[in-house]
>>> print(open('structure-v3.cif').read())   # mmCIF, C-alpha atoms
data_protein
#
loop_
_atom_site.group_PDB
_atom_site.id
_atom_site.type_symbol
_atom_site.label_atom_id
_atom_site.label_comp_id
_atom_site.auth_asym_id
_atom_site.auth_seq_id
_atom_site.Cartn_x
_atom_site.Cartn_y
_atom_site.Cartn_z
ATOM 1 C CA MET A 1 61.591 158.106 115.015
ATOM 2 C CA PRO A 2 65.170 158.025 116.417
ATOM 3 C CA ARG A 3 67.932 157.614 113.860
ATOM 4 C CA GLY A 4 68.931 154.008 113.567
ATOM 5 C CA ALA A 5 65.733 152.702 115.116
ATOM 6 C CA PRO A 6 64.193 149.788 113.218
ATOM 7 C CA VAL A 7 61.378 150.757 110.893
ATOM 8 C CA PRO A 8 58.169 149.063 112.088
ATOM 9 C CA ALA A 9 56.770 146.568 109.651
ATOM 10 C CA PRO A 10 53.603 147.876 108.005
ATOM 11 C CA THR A 11 50.405 146.148 109.009
ATOM 12 C CA PRO A 12 49.200 143.853 106.222
ATOM 13 C CA PRO A 13 45.856 145.010 104.791
ATOM 14 C CA SER A 14 42.978 142.901 106.040
ATOM 15 C CA ALA A 15 40.540 143.060 103.117
ATOM 16 C CA ARG A 16 39.608 139.766 101.537
ATOM 17 C CA VAL A 17 39.553 139.069 97.796
ATOM 18 C CA ALA A 18 36.362 137.436 96.548
ATOM 19 C CA LEU A 19 35.146 136.132 93.205
ATOM 20 C CA SER A 20 31.855 137.376 91.823
ATOM 21 C CA THR A 21 29.775 134.522 90.488
ATOM 22 C CA ALA A 22 29.067 136.845 87.541
ATOM 23 C CA SER A 23 32.709 136.299 86.542
ATOM 24 C CA THR A 24 32.029 132.680 85.592
ATOM 25 C CA TYR A 25 28.856 133.279 83.537
ATOM 26 C CA PRO A 26 27.476 131.388 81.623
ATOM 27 C CA GLU A 27 28.626 128.661 83.990
ATOM 28 C CA SER A 28 26.568 128.059 87.107
ATOM 29 C CA THR A 29 26.787 129.467 90.614
ATOM 30 C CA ALA A 30 28.012 126.061 91.799
ATOM 31 C CA SER A 31 30.832 126.205 89.246
ATOM 32 C CA ALA A 32 31.854 129.611 90.573
ATOM 33 C CA PHE A 33 32.275 128.174 94.076
ATOM 34 C CA GLU A 34 34.359 125.328 92.705
ATOM 35 C CA MET A 35 36.682 127.638 90.770
ATOM 36 C CA ALA A 36 36.969 130.193 93.589
ATOM 37 C CA ALA A 37 37.989 127.504 96.077
ATOM 38 C CA ARG A 38 40.476 125.829 93.743
ATOM 39 C CA LEU A 39 42.129 129.089 92.642
ATOM 40 C CA GLY A 40 42.538 130.422 96.177
ATOM 41 C CA TYR A 41 39.963 133.199 96.470
ATOM 42 C CA ASP A 42 38.942 134.168 99.992
ATOM 43 C CA GLY A 43 35.222 133.999 99.266
ATOM 44 C CA VAL A 44 32.513 134.698 96.723
ATOM 45 C CA GLU A 45 30.014 137.422 95.923
ATOM 46 C CA ILE A 46 26.683 135.972 94.834
ATOM 47 C CA MET A 47 25.117 137.642 91.827
ATOM 48 C CA VAL A 48 21.443 136.828 92.293
ATOM 49 C CA TRP A 49 20.156 136.054 88.818
ATOM 50 C CA THR A 50 18.126 133.457 86.948
ATOM 51 C CA ASP A 51 20.194 130.491 88.205
ATOM 52 C CA PRO A 52 17.880 128.982 90.874
ATOM 53 C CA VAL A 53 20.858 128.168 93.120
ATOM 54 C CA SER A 54 21.777 131.869 93.350
ATOM 55 C CA GLN A 55 18.300 132.565 94.734
ATOM 56 C CA ASP A 56 18.208 129.744 97.297
ATOM 57 C CA PRO A 57 19.960 130.351 100.658
ATOM 58 C CA GLU A 58 19.889 126.669 101.610
ATOM 59 C CA ALA A 59 21.519 125.640 98.327
ATOM 60 C CA LEU A 60 24.114 128.365 98.846
ATOM 61 C CA ARG A 61 24.773 127.168 102.392
ATOM 62 C CA ARG A 62 25.459 123.667 101.097
ATOM 63 C CA LEU A 63 27.999 125.093 98.628
ATOM 64 C CA VAL A 64 29.661 127.077 101.414
ATOM 65 C CA ASP A 65 29.947 123.952 103.557
ATOM 66 C CA TYR A 66 31.121 121.708 100.728
ATOM 67 C CA HIS A 67 33.812 124.030 99.363
ATOM 68 C CA GLY A 68 34.794 125.637 102.668
ATOM 69 C CA ILE A 69 34.595 129.133 101.220
ATOM 70 C CA PRO A 70 32.394 131.931 102.627
ATOM 71 C CA ILE A 71 29.934 134.248 100.939
ATOM 72 C CA LEU A 72 31.213 137.794 101.434
ATOM 73 C CA ALA A 73 28.475 139.700 99.592
ATOM 74 C CA ILE A 74 25.065 139.352 98.004
ATOM 75 C CA HIS A 75 24.470 141.345 94.819
ATOM 76 C CA ALA A 76 20.760 142.138 94.784
ATOM 77 C CA PRO A 77 18.904 141.314 91.525
ATOM 78 C CA CYS A 78 18.707 144.850 90.115
ATOM 79 C CA LEU A 79 19.998 144.271 86.563
ATOM 80 C CA LEU A 80 17.685 144.552 83.575
ATOM 81 C CA LEU A 81 17.825 140.797 83.039
ATOM 82 C CA THR A 82 16.894 140.127 86.688
ATOM 83 C CA GLN A 83 13.927 142.489 86.922
ATOM 84 C CA ARG A 84 11.563 139.621 87.778
ATOM 85 C CA VAL A 85 13.888 137.635 90.028
ATOM 86 C CA TRP A 86 12.434 137.635 93.571
ATOM 87 C CA GLY A 87 9.373 139.482 92.266
ATOM 88 C CA THR A 88 9.061 142.970 90.838
ATOM 89 C CA ASP A 89 8.953 145.103 94.009
ATOM 90 C CA PRO A 90 12.467 146.600 94.364
ATOM 91 C CA TRP A 91 12.167 147.117 98.127
ATOM 92 C CA ALA A 92 11.071 143.515 98.607
ATOM 93 C CA LYS A 93 14.174 142.436 96.687
ATOM 94 C CA LEU A 94 16.404 144.381 99.067
ATOM 95 C CA VAL A 95 14.649 142.973 102.115
ATOM 96 C CA ARG A 96 15.138 139.472 100.763
ATOM 97 C CA ALA A 97 18.782 140.156 99.889
ATOM 98 C CA ARG A 98 19.337 141.400 103.441
ATOM 99 C CA THR A 99 17.690 138.288 104.878
ATOM 100 C CA VAL A 100 19.903 136.031 102.751
ATOM 101 C CA ALA A 101 22.999 138.000 103.768
ATOM 102 C CA GLU A 102 22.082 137.729 107.447
ATOM 103 C CA THR A 103 21.335 134.018 107.106
ATOM 104 C CA LEU A 104 24.633 133.256 105.378
ATOM 105 C CA GLY A 105 26.841 135.687 107.303
ATOM 106 C CA ALA A 106 27.603 137.942 104.351
ATOM 107 C CA PRO A 107 28.509 141.459 105.538
ATOM 108 C CA THR A 108 27.424 143.348 102.413
ATOM 109 C CA VAL A 109 24.522 143.691 100.001
ATOM 110 C CA VAL A 110 25.475 145.389 96.726
ATOM 111 C CA VAL A 111 22.707 147.443 95.148
ATOM 112 C CA HIS A 112 22.455 149.631 92.049
ATOM 113 C CA PRO A 113 20.729 153.017 92.005
ATOM 114 C CA PRO A 114 17.154 152.797 90.671
ATOM 115 C CA PHE A 115 16.369 153.091 86.993
ATOM 116 C CA ARG A 116 14.755 156.417 86.137
ATOM 117 C CA TRP A 117 11.461 154.748 85.250
ATOM 118 C CA GLN A 118 11.221 153.322 88.782
ATOM 119 C CA ARG A 119 9.930 156.698 89.941
ATOM 120 C CA ASP A 120 8.493 155.822 93.347
ATOM 121 C CA TYR A 121 11.510 153.679 94.200
ATOM 122 C CA ALA A 122 13.918 156.416 93.055
ATOM 123 C CA ARG A 123 12.088 159.103 95.002
ATOM 124 C CA GLU A 124 12.513 157.210 98.278
ATOM 125 C CA PHE A 125 15.780 155.443 97.543
ATOM 126 C CA VAL A 126 18.277 157.518 99.543
ATOM 127 C CA THR A 127 16.136 157.697 102.686
ATOM 128 C CA GLY A 128 14.974 154.105 102.244
ATOM 129 C CA ILE A 129 18.531 152.766 102.071
ATOM 130 C CA GLU A 130 19.401 154.775 105.177
ATOM 131 C CA ARG A 131 16.397 153.352 107.005
ATOM 132 C CA MET A 132 17.189 149.768 106.028
ATOM 133 C CA ALA A 133 20.833 150.205 106.994
ATOM 134 C CA GLY A 134 19.706 151.184 110.470
ATOM 135 C CA GLU A 135 17.812 147.916 110.879
ATOM 136 C CA THR A 136 20.724 145.515 110.368
ATOM 137 C CA ASP A 137 24.474 145.038 110.632
ATOM 138 C CA VAL A 138 24.546 144.223 106.891
ATOM 139 C CA ARG A 139 25.941 147.074 104.816
ATOM 140 C CA PHE A 140 23.988 148.246 101.782
ATOM 141 C CA ALA A 141 26.798 149.368 99.457
ATOM 142 C CA VAL A 142 25.391 151.431 96.573
ATOM 143 C CA GLU A 143 27.373 150.911 93.376
ATOM 144 C CA ASN A 144 28.594 153.567 90.966
ATOM 145 C CA MET A 145 27.059 153.116 87.524
ATOM 146 C CA PHE A 146 27.552 155.230 84.378
ATOM 147 C CA PRO A 147 25.693 157.478 81.932
ATOM 148 C CA LEU A 148 24.671 156.351 78.471
ATOM 149 C CA ARG A 149 26.520 158.155 75.676
ATOM 150 C CA ALA A 150 25.170 158.691 72.173
ATOM 151 C CA ARG A 151 25.921 161.321 69.515
ATOM 152 C CA GLY A 152 28.060 163.303 71.890
ATOM 153 C CA ARG A 153 25.413 163.470 74.598
ATOM 154 C CA GLU A 154 25.201 161.818 78.009
ATOM 155 C CA VAL A 155 21.932 160.551 79.468
ATOM 156 C CA SER A 156 21.572 158.936 82.864
ATOM 157 C CA ALA A 157 19.391 155.846 83.086
ATOM 158 C CA TYR A 158 19.561 156.045 86.879
ATOM 159 C CA ALA A 159 18.000 158.210 89.582
ATOM 160 C CA PRO A 160 18.779 160.092 91.695
ATOM 161 C CA ASP A 161 22.098 159.718 89.826
ATOM 162 C CA TRP A 162 24.379 157.116 88.296
ATOM 163 C CA SER A 163 27.071 158.186 90.760
ATOM 164 C CA PRO A 164 26.533 157.565 94.492
ATOM 165 C CA VAL A 165 29.217 160.060 95.533
ATOM 166 C CA GLU A 166 27.024 163.111 96.114
ATOM 167 C CA ASP A 167 24.211 161.251 97.875
ATOM 168 C CA ASP A 168 24.231 160.490 101.561
ATOM 169 C CA TYR A 169 24.887 156.746 101.442
ATOM 170 C CA ALA A 170 26.759 155.309 104.394
ATOM 171 C CA HIS A 171 28.421 152.628 102.238
ATOM 172 C CA VAL A 172 29.477 152.572 98.585
ATOM 173 C CA THR A 173 30.762 150.036 96.045
ATOM 174 C CA LEU A 174 33.370 151.289 93.563
ATOM 175 C CA ASP A 175 33.391 149.443 90.220
ATOM 176 C CA LEU A 176 36.371 150.125 87.942
ATOM 177 C CA SER A 177 34.703 148.920 84.765
ATOM 178 C CA HIS A 178 31.964 151.472 85.464
ATOM 179 C CA THR A 179 34.476 154.264 86.075
ATOM 180 C CA SER A 180 35.920 153.386 82.676
ATOM 181 C CA VAL A 181 32.553 153.874 80.968
ATOM 182 C CA SER A 182 31.764 157.066 82.907
ATOM 183 C CA ARG A 183 35.326 158.343 82.400
ATOM 184 C CA SER A 184 35.640 158.974 86.107
ATOM 185 C CA ASP A 185 38.847 158.891 88.132
ATOM 186 C CA PRO A 186 38.613 156.003 90.633
ATOM 187 C CA ILE A 187 41.554 157.345 92.623
ATOM 188 C CA ALA A 188 39.778 160.662 93.109
ATOM 189 C CA LEU A 189 36.506 158.887 93.903
ATOM 190 C CA ALA A 190 38.196 156.764 96.556
ATOM 191 C CA GLY A 191 39.573 159.922 98.115
ATOM 192 C CA VAL A 192 36.193 161.625 98.180
ATOM 193 C CA LEU A 193 34.412 158.554 99.534
ATOM 194 C CA GLY A 194 36.900 157.894 102.313
ATOM 195 C CA GLU A 195 35.503 155.466 104.882
ATOM 196 C CA ARG A 196 32.232 155.184 102.952
ATOM 197 C CA LEU A 197 34.094 153.004 100.431
ATOM 198 C CA VAL A 198 33.657 149.461 101.765
ATOM 199 C CA HIS A 199 33.434 147.343 98.614
ATOM 200 C CA VAL A 200 35.393 147.300 95.337
ATOM 201 C CA HIS A 201 34.595 145.551 92.068
ATOM 202 C CA MET A 202 38.009 144.974 90.527
ATOM 203 C CA ALA A 203 37.889 145.029 86.738
ATOM 204 C CA ASP A 204 39.251 147.125 83.881
ATOM 205 C CA GLY A 205 38.101 148.908 80.754
ATOM 206 C CA LEU A 206 39.356 150.836 77.759
ATOM 207 C CA GLY A 207 37.181 153.907 78.175
ATOM 208 C CA SER A 208 34.567 152.933 75.617
ATOM 209 C CA ALA A 209 30.803 153.234 76.048
ATOM 210 C CA LYS A 210 30.677 149.470 76.675
ATOM 211 C CA ASP A 211 30.795 147.998 80.174
ATOM 212 C CA GLU A 212 33.727 145.691 79.460
ATOM 213 C CA HIS A 213 34.802 144.167 82.809
ATOM 214 C CA LEU A 214 38.247 143.250 81.529
ATOM 215 C CA VAL A 215 40.870 141.416 83.539
ATOM 216 C CA PRO A 216 42.626 144.105 85.622
ATOM 217 C CA GLY A 217 45.761 145.277 83.863
ATOM 218 C CA ARG A 218 44.338 144.812 80.365
ATOM 219 C CA GLY A 219 42.663 148.211 80.161
ATOM 220 C CA THR A 220 43.408 151.830 80.994
ATOM 221 C CA GLN A 221 42.016 152.068 84.520
ATOM 222 C CA PRO A 222 44.524 152.673 87.369
ATOM 223 C CA CYS A 223 43.756 149.293 88.929
ATOM 224 C CA ALA A 224 47.218 148.771 90.390
ATOM 225 C CA GLU A 225 47.386 152.312 91.744
ATOM 226 C CA LEU A 226 43.985 152.035 93.415
ATOM 227 C CA LEU A 227 44.856 148.720 95.048
ATOM 228 C CA GLU A 228 48.132 150.130 96.347
ATOM 229 C CA LEU A 229 46.316 153.202 97.667
ATOM 230 C CA LEU A 230 43.741 151.055 99.456
ATOM 231 C CA ALA A 231 46.453 148.885 100.950
ATOM 232 C CA THR A 232 48.282 151.964 102.212
ATOM 233 C CA GLY A 233 45.054 153.217 103.767
ATOM 234 C CA SER A 234 44.461 149.875 105.551
ATOM 235 C CA PHE A 235 41.273 149.215 103.596
ATOM 236 C CA ASP A 236 39.378 146.443 105.394
ATOM 237 C CA GLY A 237 36.367 146.025 103.128
ATOM 238 C CA THR A 238 36.048 143.442 100.359
ATOM 239 C CA ILE A 239 37.674 143.440 96.922
ATOM 240 C CA VAL A 240 35.680 141.423 94.394
ATOM 241 C CA VAL A 241 37.015 140.278 91.044
ATOM 242 C CA GLU A 242 34.142 140.933 88.641
ATOM 243 C CA ILE A 243 35.341 140.255 85.102
ATOM 244 C CA ASN A 244 33.698 139.097 81.885
ATOM 245 C CA THR A 245 34.789 135.606 80.782
ATOM 246 C CA ARG A 246 31.877 134.906 78.450
ATOM 247 C CA ARG A 247 34.167 134.683 75.434
ATOM 248 C CA ALA A 248 36.435 132.082 77.018
ATOM 249 C CA GLU A 249 36.692 129.136 74.653
ATOM 250 C CA SER A 250 37.149 126.590 77.435
ATOM 251 C CA ARG A 251 37.012 126.109 81.198
ATOM 252 C CA ALA A 252 40.824 126.228 81.213
ATOM 253 C CA GLN A 253 40.863 129.634 79.548
ATOM 254 C CA ARG A 254 38.208 130.954 81.935
ATOM 255 C CA GLU A 255 40.177 129.742 84.928
ATOM 256 C CA ALA A 256 43.366 131.263 83.525
ATOM 257 C CA ASP A 257 41.670 134.680 83.367
ATOM 258 C CA LEU A 258 40.308 134.287 86.902
ATOM 259 C CA ALA A 259 43.741 133.243 88.174
ATOM 260 C CA GLU A 260 45.398 136.202 86.441
ATOM 261 C CA ALA A 261 42.887 138.614 87.947
ATOM 262 C CA LEU A 262 43.444 137.176 91.428
ATOM 263 C CA ALA A 263 47.234 137.307 91.092
ATOM 264 C CA PHE A 264 47.095 140.933 89.910
ATOM 265 C CA THR A 265 44.864 141.916 92.820
ATOM 266 C CA ARG A 266 46.958 140.179 95.463
ATOM 267 C CA LEU A 267 50.207 141.545 94.008
ATOM 268 C CA HIS A 268 49.117 145.168 94.162
ATOM 269 C CA PHE A 269 46.979 144.945 97.296
ATOM 270 C CA ALA A 270 49.944 144.255 99.516
ATOM 271 C CA ALA A 271 51.446 145.788 102.639
ATOM 272 C CA PRO A 272 52.695 149.262 101.702
ATOM 273 C CA SER A 273 56.395 150.017 101.781
ATOM 274 C CA ALA A 274 57.776 152.226 104.533
ATOM 275 C CA ALA A 275 58.262 154.959 101.936
ATOM 276 C CA GLY A 276 54.593 154.923 101.153
ATOM 277 C CA LEU A 277 53.229 154.983 104.687
ATOM 278 C CA HIS A 278 52.292 158.674 104.502
ATOM 279 C CA HIS A 279 49.714 158.059 101.763
ATOM 280 C CA THR A 280 46.078 157.487 102.685
ATOM 281 C CA TYR A 281 42.749 157.517 100.950
ATOM 282 C CA GLY A 282 39.956 159.653 102.305
#
>>> encode(input="structure-v3.cif", output="structure tokens")
Amino acid sequence: MPRGAPVPAPTPPSARVALSTASTYPESTASAFEMAARLGYDGVEIMVWTDPVSQDPEALRRLVDYHGIPILAIHAPCLLLTQRVWGTDPWAKLVRARTVAETLGAPTVVVHPPFRWQRDYAREFVTGIERMAGETDVRFAVENMFPLRARGREVSAYAPDWSPVEDDYAHVTLDLSHTSVSRSDPIALAGVLGERLVHVHMADGLGSAKDEHLVPGRGTQPCAELLELLATGSFDGTIVVEINTRRAESRAQREADLAEALAFTRLHFAAPSAAGLHHTYG
């Protein structure tokens, strides 16, 4: 660049910041829409769980229309407590999640790796996800989980692995509460994943064996650094605030935590400075 020439303004990152409906538990899915719209989130991620509204695309469409806020992801019901939501066949759950995402215009379905005891599902998971991804424009973003630690030993409850990094998934979700539990480096993971990283669960943790999902900035994870790195790399996926507010003593306290998490994310996921333009992820 010639000396004295004006420095071009960096392009603002285009990723949207969504609220996971899991962040408002034990309040309802409808309450999550209300809070997300009022606090200024760009959309919501639907955690499909035992709340009937989370399972019903028509009810979700009515919430989208009423609050004027889009659904940016569907989190398939693959938690222990949702094992019977939408039946017990894990592939049928993913097909249904894809159908809901297509119906509601959500670009991403978040899915966990199989539990080890789901042997048939685990055996076919990598190739099955690849096959399903080829049948739709919806992205199946496989989420990083974590090993269980006890008496100095680590045991994985997931197969083929708790980490999606080494498997051939086209799209991946990076969860910073899970990197805290697994004691992984999310900055390094983002670099390894490169363009495969399309979805981020923004949370924090203190490095314990508990999946804490703290408000970002309250733990030891490099939340700010990761957001700044993604912004520098023009990340255009979705960043989802997924925090635990179950101990909030009131709606006001819950909303204060959600507002703090959103402000933190927007502050650090901002257009990079000219000095930082040479940094990229991947």
>>> residues_around(input="structure-v3.cif", residues="Arg123 (chain A)", least_positions_apart="3", cutoff="12 Å", atoms="only C-alpha atoms", output="list of chain:residue names")
A:Pro113, A:Pro114, A:Phe115, A:Arg116, A:Trp117, A:Gln118, A:Arg119, A:Asp120, A:Val126, A:Thr127, A:Gly128, A:Ile129, A:Tyr158, A:Ala159, A:Pro160, A:Asp161
>>> residues_around(input="structure-v3.cif", residues="region 234-251 of chain A", least_positions_apart="5", cutoff="6 Å", atoms="all atoms listed in the file", output="MDAnalysis selection string")
chainID A and resid 13:20 23 198:203 213:215
>>> atom_distance(input="structure-v3.cif", atom1="CA of Thr24 (chain A)", atom2="CA of Thr50 (chain A)")
14.0 Å
>>> closest_residue(input="structure-v3.cif", among="A:Glu195, A:Glu34, A:Asp89, A:Asp42", to="Leu230 (chain A)", atoms="all atoms listed in the file")
A:Glu195
>>> closest_residue(input="structure-v3.cif", among="A:Gln83, A:Ser163, A:Thr265, A:Gln55", to="Ala224 (chain A)", atoms="all atoms listed in the file")
A:Thr265
>>> closest_residue(input="structure-v3.cif", among="A:Ala101, A:Leu189, A:Val64, A:Ala256", to="Ala76 (chain A)", atoms="all atoms listed in the file")
A:Ala101
>>> resolve_selection(input="structure-v3.cif", expression="the PyMOL selection byres ((chain A and resi 54) around 12)", output="PyMOL selection string")
chain A and resi 20-22+28-33+44-53+55-63+71+74-77+82+85-86+97+100
>>> atom_distance(input="structure-v3.cif", atom1="CA of His171 (chain A)", atom2="CA of Arg84 (chain A)")
25.7 Å
>>> closest_residue(input="structure-v3.cif", among="A:Asp257, A:Glu154, A:Tyr121, A:Gly105", to="Lys93 (chain A)", atoms="only C-alpha atoms")
A:Tyr121
>>> atom_distance(input="structure-v3.cif", atom1="CA of Ser182 (chain A)", atom2="CA of Arg254 (chain A)")
26.9 Å
>>> closest_residue(input="structure-v3.cif", among="A:Asp167, A:Asp211, A:Glu225, A:Glu102", to="Val138 (chain A)", atoms="only C-alpha atoms")
A:Glu102
>>> closest_residue(input="structure-v3.cif", among="A:Pro90, A:Pro26, A:Gly68, A:Gly207", to="Arg38 (chain A)", atoms="only C-alpha atoms")
A:Gly68
>>> resolve_selection(input="structure-v3.cif", expression="the PyMOL selection byres ((chain A and resi 147-151) around 10)", output="list in words")
Met145, Phe146, Gly152, Arg153, Glu154, Val155, Ser156, Ala157, Tyr158, Asp161, Trp162, Ser163, His178, Val181, Ser182, Arg183, Ser208, Ala209 and Lys210 of chain A
>>> axis_aligned_box(input="structure-v3.cif", around="region 30-48 of chain A", padding_each_side="5 Å", output="lines of an AutoDock Vina configuration file")
center_x = 32.0
center_y = 131.5
center_z = 94.6
size_x = 31.1
size_y = 22.3
size_z = 20.7
